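A.B. asks: Sending over a structure as C-alpha cells; questions will come in a sec.
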Amino acid sequence: MKNNKLAVSLILGSLIILGAILFSGNKAAPSPVGEGGGSNVYMENGKQVIEISAKGGYSPRATTAKAGIPTIIRMKTQGTFDCSAALTVPKVGFQKFLPSSGATDIAISAEQAQGTVQGICGMGMYNFGVAFQ
Ligand SMILES: [Cu+2]
C-alpha cells in the first residue's frame, strides 16, 4: 500500500532527523540557503551556479535564474539520509543518489537553461523548480 510506505518513510525520516538533532547537541544549525530573491544564484568561472540544499525536501523550492547560459545546479547535502537524496532531474536525464554530505553538480547546458527545470525525489513527494527567464 502506497500510504503505508509513505507513513513508514515519514516516521523513519522523523526519527533520523530527531536523532541527528539530539546527536548534534548544541552545535549551530547550518544556515539555510536563502529563499527567493535569487540569493542562491551566483556566477562562478563564467557559469551560473544555483545552490539547492537537499534534506527533508529541497530548499529553496523555487528559484529564478537567467535563461540561456551554461548553468550548474549544485545540490548540497549535510546529514541527508531521507529520500530527498534520491534525486531525478528528468529534463537533463539526471538520476543519482546524492552523498549524505557534500555537493553534487548537475550540468545544465545553455540550450537546456530554458523554461522550468524540475527536480524530484525518488518517491515523488519532494520537488524543486528552477525557472529560467
Ligand atoms: Cu521522496
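Ligands are numbered from 1 in the order shown, chains are lettered A, B, ... in the order of the C-alpha cells, and residues start at 1 in each chain.
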Neighbours of ligand 1 at 9 Å or closer, counting only C-alpha atoms and all ligand atoms: which residues, as a ChimeraX atom specification?

C.D. replies: /A:6,9,56-57,82-87,120-127

A.B. asks: I need the residues from that last selection saved to file as a JSON list (two decimals), in the first residue's frame (with C-alpha atoms), if you can.

C.D. replies:
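The result, written out as again-v3.json:
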```
[["chain", "number", "residue", "atom", "x", "y", "z"],
["A", 6, "LEU", "CA", 4.71, 6.82, 2.92],
["A", 9, "SER", "CA", 9.20, 6.60, 5.48],
["A", 56, "GLY", "CA", 13.85, 16.50, 4.21],
["A", 57, "GLY", "CA", 12.90, 18.19, 0.95],
["A", 82, "ASP", "CA", 15.96, 10.86, 3.68],
["A", 83, "CYS", "CA", 14.71, 10.20, 0.18],
["A", 84, "SER", "CA", 15.44, 13.74, -1.00],
["A", 85, "ALA", "CA", 18.92, 12.28, -1.61],
["A", 86, "ALA", "CA", 17.42, 10.14, -4.39],
["A", 87, "LEU", "CA", 17.21, 12.87, -6.99],
["A", 120, "ILE", "CA", 12.03, 15.38, -7.91],
["A", 121, "CYS", "CA", 12.84, 12.91, -5.14],
["A", 122, "GLY", "CA", 12.76, 9.16, -5.54],
["A", 123, "MET", "CA", 9.27, 8.77, -4.15],
["A", 124, "GLY", "CA", 7.84, 11.83, -5.84],
["A", 125, "MET", "CA", 6.94, 13.66, -2.64],
["A", 126, "TYR", "CA", 9.56, 16.43, -2.70],
["A", 127, "ASN", "CA", 10.42, 18.64, -5.62]]
```

A.B. asks: Could you pull out the helix (DSSP H, G or I) residues of range 63-133 of chain A from DSSP and send them as a PyMOL selection string?

C.D. replies: chain A and resi 83-85+90-92

A.B. asks: For those residues, write C-alpha atoms to a file as a PDB file, in the first residue's frame.

C.D. replies:
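Once written, part32.pdb looks like this:
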```pdb
ATOM      1  CA  CYS A  83      14.711  10.201   0.179  1.00  0.00           C
ATOM      2  CA  SER A  84      15.441  13.742  -0.999  1.00  0.00           C
ATOM      3  CA  ALA A  85      18.922  12.276  -1.613  1.00  0.00           C
ATOM      4  CA  PRO A  90      14.193  14.471 -15.913  1.00  0.00           C
ATOM      5  CA  LYS A  91      14.880  17.342 -18.304  1.00  0.00           C
ATOM      6  CA  VAL A  92      18.626  16.674 -18.261  1.00  0.00           C
TER       7      VAL A  92
END
```

A.B. asks: When distances are computed from only C-alpha atoms, which of A:Ala54, A:Ile72, A:Leu98, A:Ala62 shows the smallest separation from Gln112 in chain A?

C.D. replies: A:Ile72

A.B. asks: Identify, on the basis of only C-alpha atoms, every residue whose closest approach to Gln133 in chain A does not exceed 12 Å; exclude the query and any residue fewer than 4 positions from it along the same chain; express the result as a list of chain:residue names.

C.D. replies: A:Thr63, A:Thr64, A:Ala65, A:Lys66, A:Ala67, A:Gly68, A:Ile69, A:Ala113, A:Gln114, A:Gly115, A:Thr116, A:Val117

A.B. asks: Of the candidates A:Ile108, A:Gly46, A:Ala103, A:Ser39, which shows the shortest atom-to-atom distance to Thr71 in chain A, using only C-alpha atoms?

C.D. replies: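 Closest to Thr71 in chain A of all the choices is A:Ile108.
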
A.B. asks: Can you work out the spacing between CA of Val89 in chain A and CA of Thr104 in chain A in Å, to one decimal?

C.D. replies: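 That distance, rounded to one decimal, is 12.7 Å.
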